[in-house]
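First comes the structure, then the notes that go with it.
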Amino acid sequence: MTKRPYALTIAGNEATGGAGAQADLKTFQALGVYGSLALTCIVSFDPKNDWAHRFVPVNAQTVHDQLEVVHATYNLDAVKIGMLGTVPTIETVARFLEEHTPKNLVLDPVLICKGQEPGAALDIDNALKEKILPLATFVTPNHFESMSLSGMDSITTVKELEQAARIIHEKSGAIVLAKGSIRLEGDNAVDVYYDGNTLEVLETPKIDDGAVVAGAGCTLAAAITGYLAQGKTPLEAAQQAKKFVSAGIAERVRSNAPFDALYQINQ
């Protein structure tokens with residue numbers, strides 16, 4: 001019988017399937033990794049209200065119960081954290097992960113919960129930085145999150161993105177893949193990897209026809225999680241995840257929404 005790698009995602013459901021837990025599980029499957037889910041919240045867009053976010057949290061005890069049974073069932077090779085959604089959920093997840101420390105813990109730091117009030121979002125951001133970030137072994141902030149976690153006012157160049165990656169590593173101790181992606185000028189989508197010793201700029205050609213593609217950030221972090229579960233080194237995981245996402249964007253699923261969805265291609 002084949003021994004397959006196991007990974008868990010702790011994330012919210014996004015109903016269109018383009019991002020969140022659905023993107024994570026599809027990514028795991030595409031990489032030959034068996035995936036489990038602890039669902040933290042349900043997010044749906046409102047097509048009658050300019051596609052605004054609608055947000056429903058899962059009770060924190062229910063989140064704990066999901067974590068408990070997954071941990072008891074599988075010997076997990078890697079865990080990914082996506083959108084947690086509320087302070088009680090953050091506290092519940094942090095306590096569980098402190099007790100059951102995974103070898104690989106990849107944090108996609110969702111600092112803005114778009115379906116919530118600004119005050120609640122700030123509380124969530126602070127709790128995530130205080131309770132979850134110190135537990136992560138690998139963190140994948142996007143452009144905005146890199147500024148927030150590093151304390152930098154702006155990131156407009158690759159050198160500034162490198163600086164942000166260094167600062168985030170120094171603050172957290174985690175390996176960092178700071179995503180500049182299409183936010184920086186130039187023909188390439190640029191991300192910066194830094195692990196305290198190795199700094200590497202990862203580049204792929206931008207695929208830009210004006211379309212917004214949902215799920216790229218979720219899929220990148222999930223692919224890193226999947227590759228780590230397979231036994232790849234962190235740098236190998238980052239490099240291969242970058243290629244996986246670029247291929248998925250090129251094959252994206254068209255939709256009637258203001259965004260398309262990345263398609264996870266079997267590897």
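FYI, nothing fancy with the structure tokens labels: chains A, B, ... in order, residues from 1 per chain, ligands from 1 as they appear.
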task = Taking the DSSP assignment computed from this structure's backbone, write out as a ChimeraX atom specification all residues of segment 43-166 of chain A that belong to helix (DSSP H, G or I).
result = /A:60-73,87-99,118-135,143-150,158-166
Filtering to C-alpha atoms, could you give me those residues as a PDB file, in the first residue's frame?
ATOM      1  CA  ALA A  60     -14.763  27.999  17.955  1.00  0.00           C
ATOM      2  CA  GLN A  61     -15.627  24.758  19.770  1.00  0.00           C
ATOM      3  CA  THR A  62     -16.601  23.208  16.444  1.00  0.00           C
ATOM      4  CA  VAL A  63     -13.256  24.299  15.016  1.00  0.00           C
ATOM      5  CA  HIS A  64     -11.521  22.601  17.965  1.00  0.00           C
ATOM      6  CA  ASP A  65     -13.547  19.418  17.439  1.00  0.00           C
ATOM      7  CA  GLN A  66     -12.473  19.262  13.795  1.00  0.00           C
ATOM      8  CA  LEU A  67      -8.825  19.728  14.732  1.00  0.00           C
ATOM      9  CA  GLU A  68      -9.090  17.062  17.407  1.00  0.00           C
ATOM     10  CA  VAL A  69     -10.445  14.364  15.109  1.00  0.00           C
ATOM     11  CA  VAL A  70      -8.053  15.120  12.234  1.00  0.00           C
ATOM     12  CA  HIS A  71      -5.065  14.974  14.605  1.00  0.00           C
ATOM     13  CA  ALA A  72      -6.299  11.675  16.040  1.00  0.00           C
ATOM     14  CA  THR A  73      -6.875  10.196  12.583  1.00  0.00           C
ATOM     15  CA  VAL A  87     -10.426  36.085  17.725  1.00  0.00           C
ATOM     16  CA  PRO A  88     -11.940  33.045  19.555  1.00  0.00           C
ATOM     17  CA  THR A  89     -11.050  30.842  16.585  1.00  0.00           C
ATOM     18  CA  ILE A  90      -7.511  32.238  16.501  1.00  0.00           C
ATOM     19  CA  GLU A  91      -7.126  31.513  20.217  1.00  0.00           C
ATOM     20  CA  THR A  92      -8.550  27.998  19.803  1.00  0.00           C
ATOM     21  CA  VAL A  93      -6.263  27.167  16.884  1.00  0.00           C
ATOM     22  CA  ALA A  94      -3.219  28.612  18.664  1.00  0.00           C
ATOM     23  CA  ARG A  95      -3.835  26.534  21.797  1.00  0.00           C
ATOM     24  CA  PHE A  96      -4.272  23.375  19.755  1.00  0.00           C
ATOM     25  CA  LEU A  97      -1.144  23.945  17.669  1.00  0.00           C
ATOM     26  CA  GLU A  98       0.914  24.760  20.757  1.00  0.00           C
ATOM     27  CA  GLU A  99      -0.092  21.379  22.159  1.00  0.00           C
ATOM     28  CA  PRO A 118     -13.023  47.538  10.663  1.00  0.00           C
ATOM     29  CA  GLY A 119     -12.733  47.252  14.464  1.00  0.00           C
ATOM     30  CA  ALA A 120     -13.203  43.492  14.403  1.00  0.00           C
ATOM     31  CA  ALA A 121     -10.729  43.177  11.543  1.00  0.00           C
ATOM     32  CA  LEU A 122      -8.092  45.072  13.559  1.00  0.00           C
ATOM     33  CA  ASP A 123      -8.615  42.796  16.569  1.00  0.00           C
ATOM     34  CA  ILE A 124      -8.226  39.769  14.325  1.00  0.00           C
ATOM     35  CA  ASP A 125      -5.074  41.161  12.741  1.00  0.00           C
ATOM     36  CA  ASN A 126      -3.490  41.791  16.134  1.00  0.00           C
ATOM     37  CA  ALA A 127      -4.461  38.359  17.478  1.00  0.00           C
ATOM     38  CA  LEU A 128      -3.080  36.646  14.377  1.00  0.00           C
ATOM     39  CA  LYS A 129       0.259  38.438  14.717  1.00  0.00           C
ATOM     40  CA  GLU A 130       0.473  37.735  18.440  1.00  0.00           C
ATOM     41  CA  LYS A 131      -0.758  34.141  18.665  1.00  0.00           C
ATOM     42  CA  ILE A 132      -0.369  32.434  15.276  1.00  0.00           C
ATOM     43  CA  LEU A 133       2.621  34.069  13.575  1.00  0.00           C
ATOM     44  CA  PRO A 134       5.112  32.917  16.279  1.00  0.00           C
ATOM     45  CA  LEU A 135       4.029  29.296  15.679  1.00  0.00           C
ATOM     46  CA  HIS A 143       2.034  42.778  -0.848  1.00  0.00           C
ATOM     47  CA  PHE A 144      -0.231  44.455   1.728  1.00  0.00           C
ATOM     48  CA  GLU A 145       0.509  41.841   4.399  1.00  0.00           C
ATOM     49  CA  SER A 146       4.251  42.239   3.834  1.00  0.00           C
ATOM     50  CA  MET A 147       3.921  45.931   4.605  1.00  0.00           C
ATOM     51  CA  SER A 148       1.804  45.257   7.676  1.00  0.00           C
ATOM     52  CA  LEU A 149       4.056  42.537   9.112  1.00  0.00           C
ATOM     53  CA  SER A 150       7.283  44.406   8.364  1.00  0.00           C
ATOM     54  CA  VAL A 158      12.346  44.201  -5.380  1.00  0.00           C
ATOM     55  CA  LYS A 159      14.963  45.570  -2.960  1.00  0.00           C
ATOM     56  CA  GLU A 160      12.203  46.818  -0.667  1.00  0.00           C
ATOM     57  CA  LEU A 161      10.454  43.440  -0.900  1.00  0.00           C
ATOM     58  CA  GLU A 162      13.748  41.780   0.071  1.00  0.00           C
ATOM     59  CA  GLN A 163      13.975  44.122   3.050  1.00  0.00           C
ATOM     60  CA  ALA A 164      10.420  43.251   4.092  1.00  0.00           C
ATOM     61  CA  ALA A 165      11.182  39.524   3.896  1.00  0.00           C
ATOM     62  CA  ARG A 166      14.232  39.970   6.123  1.00  0.00           C
TER      63      ARG A 166
END
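Using only C-alpha atoms, the contacts of Asn188 of chain A at a cut-off of 9 Å, with sequence neighbours closer than 2 positions omitted, comprise Ser181, Ile182, Leu184, Glu185, Gly186, Val190, Glu203, Thr204, Pro205, Lys206 and Ile207 of chain A.
The space between atom CA of Lys103 of chain A and atom CA of Ala223 of chain A spans 16.1 Å.
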inquiry  = What's around segment 240-242 of chain A at 8 Å? Count only C-alpha atoms, leave out sequence neighbours fewer than 6 positions away in its own chain, and write the answer as a VMD selection string.
reply    = chain A and resid 202 204 220 to 221 223 to 224 227
Long-range neighbours of Val43 of chain A as a ChimeraX atom specification, 12 Å cut-off, only C-alpha atoms, 6 positions minimum in chain = /A:11-22,51-58,83-85,113-116
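All residues within segment 18-64 of chain A that the backbone DSSP calculation assigns to strand (DSSP E or B) are Tyr34, Gly35, Ser36, Leu37, Ala38, Leu39, Thr40, Cys41, Ile42, Val43, Ser44, Phe45, Asp46, Ala52, His53, Arg54, Phe55, Val56 and Pro57 of chain A.
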Export, as a tab-separated table (two decimals), in the first residue's frame, the selected residues with all heavy atoms.
chain	number	residue	atom	x	y	z
A	34	TYR	N	-2.90	13.76	0.47
A	34	TYR	CA	-4.23	13.58	1.02
A	34	TYR	C	-4.55	14.76	1.94
A	34	TYR	O	-3.82	15.05	2.88
A	34	TYR	CB	-4.32	12.27	1.81
A	34	TYR	CG	-5.73	11.99	2.30
A	34	TYR	CD1	-6.62	11.30	1.49
A	34	TYR	CD2	-6.15	12.42	3.55
A	34	TYR	CE1	-7.91	11.04	1.92
A	34	TYR	CE2	-7.45	12.17	3.99
A	34	TYR	CZ	-8.31	11.49	3.17
A	34	TYR	OH	-9.61	11.24	3.60
A	35	GLY	N	-5.65	15.45	1.66
A	35	GLY	CA	-5.97	16.66	2.40
A	35	GLY	C	-7.17	16.53	3.30
A	35	GLY	O	-8.17	15.90	2.95
A	36	SER	N	-7.07	17.13	4.49
A	36	SER	CA	-8.19	17.25	5.42
A	36	SER	C	-8.45	18.73	5.67
A	36	SER	O	-7.60	19.58	5.43
A	36	SER	CB	-7.87	16.54	6.74
A	36	SER	OG	-7.71	15.16	6.54
A	37	LEU	N	-9.64	19.01	6.23
A	37	LEU	CA	-10.06	20.39	6.44
A	37	LEU	C	-10.67	20.60	7.81
A	37	LEU	O	-11.52	19.81	8.24
A	37	LEU	CB	-11.11	20.77	5.37
A	37	LEU	CG	-11.93	22.04	5.62
A	37	LEU	CD1	-11.03	23.28	5.59
A	37	LEU	CD2	-13.04	22.17	4.59
A	38	ALA	N	-10.23	21.65	8.49
A	38	ALA	CA	-10.93	22.18	9.66
A	38	ALA	C	-11.53	23.52	9.21
A	38	ALA	O	-10.80	24.49	9.01
A	38	ALA	CB	-9.99	22.36	10.84
A	39	LEU	N	-12.84	23.56	9.04
A	39	LEU	CA	-13.52	24.73	8.49
A	39	LEU	C	-13.70	25.80	9.56
A	39	LEU	O	-14.21	25.52	10.65
A	39	LEU	CB	-14.88	24.33	7.93
A	39	LEU	CG	-15.64	25.41	7.17
A	39	LEU	CD1	-14.92	25.77	5.87
A	39	LEU	CD2	-17.06	24.95	6.86
A	40	THR	N	-13.30	27.04	9.25
A	40	THR	CA	-13.35	28.13	10.23
A	40	THR	C	-14.48	29.12	9.97
A	40	THR	O	-14.93	29.79	10.91
A	40	THR	CB	-12.03	28.90	10.21
A	40	THR	OG1	-11.82	29.45	8.89
A	40	THR	CG2	-10.86	28.00	10.59
A	41	CYS	N	-14.90	29.24	8.73
A	41	CYS	CA	-15.94	30.22	8.41
A	41	CYS	C	-16.47	29.93	7.01
A	41	CYS	O	-15.89	29.13	6.26
A	41	CYS	CB	-15.40	31.65	8.48
A	41	CYS	SG	-13.95	31.95	7.43
A	42	ILE	N	-17.57	30.58	6.68
A	42	ILE	CA	-18.17	30.45	5.36
A	42	ILE	C	-18.27	31.84	4.75
A	42	ILE	O	-18.85	32.75	5.34
A	42	ILE	CB	-19.57	29.81	5.44
A	42	ILE	CG1	-19.46	28.40	6.03
A	42	ILE	CG2	-20.22	29.77	4.06
A	42	ILE	CD1	-20.79	27.78	6.37
A	43	VAL	N	-17.67	31.99	3.59
A	43	VAL	CA	-17.68	33.27	2.88
A	43	VAL	C	-18.41	33.09	1.56
A	43	VAL	O	-18.13	32.14	0.81
A	43	VAL	CB	-16.25	33.77	2.62
A	43	VAL	CG1	-16.26	35.06	1.79
A	43	VAL	CG2	-15.51	34.01	3.94
A	44	SER	N	-19.34	33.96	1.29
A	44	SER	CA	-20.00	33.96	-0.01
A	44	SER	C	-20.10	35.40	-0.51
A	44	SER	O	-20.25	36.33	0.28
A	44	SER	CB	-21.41	33.34	0.08
A	44	SER	OG	-22.22	34.08	0.98
A	45	PHE	N	-19.99	35.56	-1.80
A	45	PHE	CA	-20.15	36.89	-2.39
A	45	PHE	C	-21.64	37.17	-2.63
A	45	PHE	O	-22.43	36.25	-2.81
A	45	PHE	CB	-19.38	36.98	-3.71
A	45	PHE	CG	-17.91	36.81	-3.56
A	45	PHE	CD1	-17.30	35.60	-3.85
A	45	PHE	CD2	-17.11	37.85	-3.12
A	45	PHE	CE1	-15.94	35.43	-3.72
A	45	PHE	CE2	-15.75	37.70	-2.97
A	45	PHE	CZ	-15.15	36.50	-3.27
A	46	ASP	N	-21.99	38.44	-2.65
A	46	ASP	CA	-23.37	38.84	-2.91
A	46	ASP	C	-23.46	39.44	-4.30
A	46	ASP	O	-23.12	40.61	-4.50
A	46	ASP	CB	-23.82	39.86	-1.85
A	46	ASP	CG	-25.28	40.23	-1.99
A	46	ASP	OD1	-25.93	39.78	-2.97
A	46	ASP	OD2	-25.79	40.98	-1.13
A	52	ALA	N	-20.12	41.92	-2.87
A	52	ALA	CA	-19.57	42.15	-1.53
A	52	ALA	C	-19.47	40.83	-0.77
A	52	ALA	O	-20.22	39.88	-1.04
A	52	ALA	CB	-20.45	43.13	-0.76
A	53	HIS	N	-18.55	40.78	0.21
A	53	HIS	CA	-18.36	39.57	1.01
A	53	HIS	C	-19.48	39.42	2.04
A	53	HIS	O	-19.89	40.39	2.67
A	53	HIS	CB	-17.03	39.64	1.76
A	53	HIS	CG	-15.83	39.42	0.89
A	53	HIS	ND1	-15.43	40.35	-0.05
A	53	HIS	CD2	-14.95	38.39	0.81
A	53	HIS	CE1	-14.34	39.90	-0.66
A	53	HIS	NE2	-14.03	38.72	-0.16
A	54	ARG	N	-19.94	38.18	2.21
A	54	ARG	CA	-20.82	37.81	3.31
A	54	ARG	C	-20.07	36.78	4.15
A	54	ARG	O	-19.57	35.79	3.61
A	54	ARG	CB	-22.15	37.25	2.78
A	54	ARG	CG	-22.94	38.27	1.99
A	54	ARG	CD	-24.24	37.72	1.45
A	54	ARG	NE	-24.03	36.78	0.36
A	54	ARG	CZ	-24.98	36.45	-0.53
A	54	ARG	NH1	-26.17	37.01	-0.46
A	54	ARG	NH2	-24.73	35.57	-1.48
A	55	PHE	N	-20.01	36.99	5.44
A	55	PHE	CA	-19.11	36.23	6.31
A	55	PHE	C	-19.89	35.60	7.47
A	55	PHE	O	-20.61	36.29	8.19
A	55	PHE	CB	-18.03	37.17	6.87
A	55	PHE	CG	-17.19	36.57	7.95
A	55	PHE	CD1	-16.09	35.79	7.64
A	55	PHE	CD2	-17.48	36.81	9.29
A	55	PHE	CE1	-15.31	35.24	8.65
A	55	PHE	CE2	-16.71	36.27	10.30
A	55	PHE	CZ	-15.62	35.48	9.98
A	56	VAL	N	-19.77	34.28	7.63
A	56	VAL	CA	-20.42	33.57	8.73
A	56	VAL	C	-19.36	32.71	9.42
A	56	VAL	O	-18.80	31.79	8.81
A	56	VAL	CB	-21.57	32.67	8.24
A	56	VAL	CG1	-22.19	31.92	9.42
A	56	VAL	CG2	-22.62	33.49	7.52
A	57	PRO	N	-19.03	32.99	10.70
A	57	PRO	CA	-18.00	32.20	11.38
A	57	PRO	C	-18.53	30.85	11.86
A	57	PRO	O	-19.72	30.70	12.15
A	57	PRO	CB	-17.62	33.09	12.56
A	57	PRO	CG	-18.85	33.87	12.85
A	57	PRO	CD	-19.53	34.11	11.52
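Remark: for Lys26 of chain A, the closest of the candidate residues A:Val139, A:Thr9, A:Ile81, A:Ser255 is A:Thr9 (distances computed over only C-alpha atoms).
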remark   = Pairwise distance, atom CA of Ala189 of chain A with atom CA of Val201 of chain A, equals 10.2 Å
query = Could you state the separation of atom CA of Ala229 of chain A and atom CA of Ile249 of chain A in Å, given to one decimal place?
reply = 23.1 Å
task = Rank A:Arg252, A:Lys80, A:His169, A:Lys3 by their smallest atom-to-atom distance to Asp24 of chain A, using only C-alpha atoms, and report the top residue only.
result = A:Lys80
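The shortest atom-to-atom distance to Gly217 of chain A, with only C-alpha atoms taken into account, belongs to A:Ala178 out of A:Ala178, A:Ala7, A:Val79, A:Ala30.
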message = I want to know what sits within 10 Å of Arg4 of chain A, based on only C-alpha atoms, with residues of the same chain fewer than 2 positions away left out; could you give that as an NGL selection string?
response = :A and (1-2 or 6-7 or 32-34 or 77 or 229-230)
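Residue nearest Phe138 of chain A within the list A:Leu228, A:Leu262, A:Met152, A:Val212: A:Leu228 [criterion: smallest interatomic distance, only C-alpha atoms].
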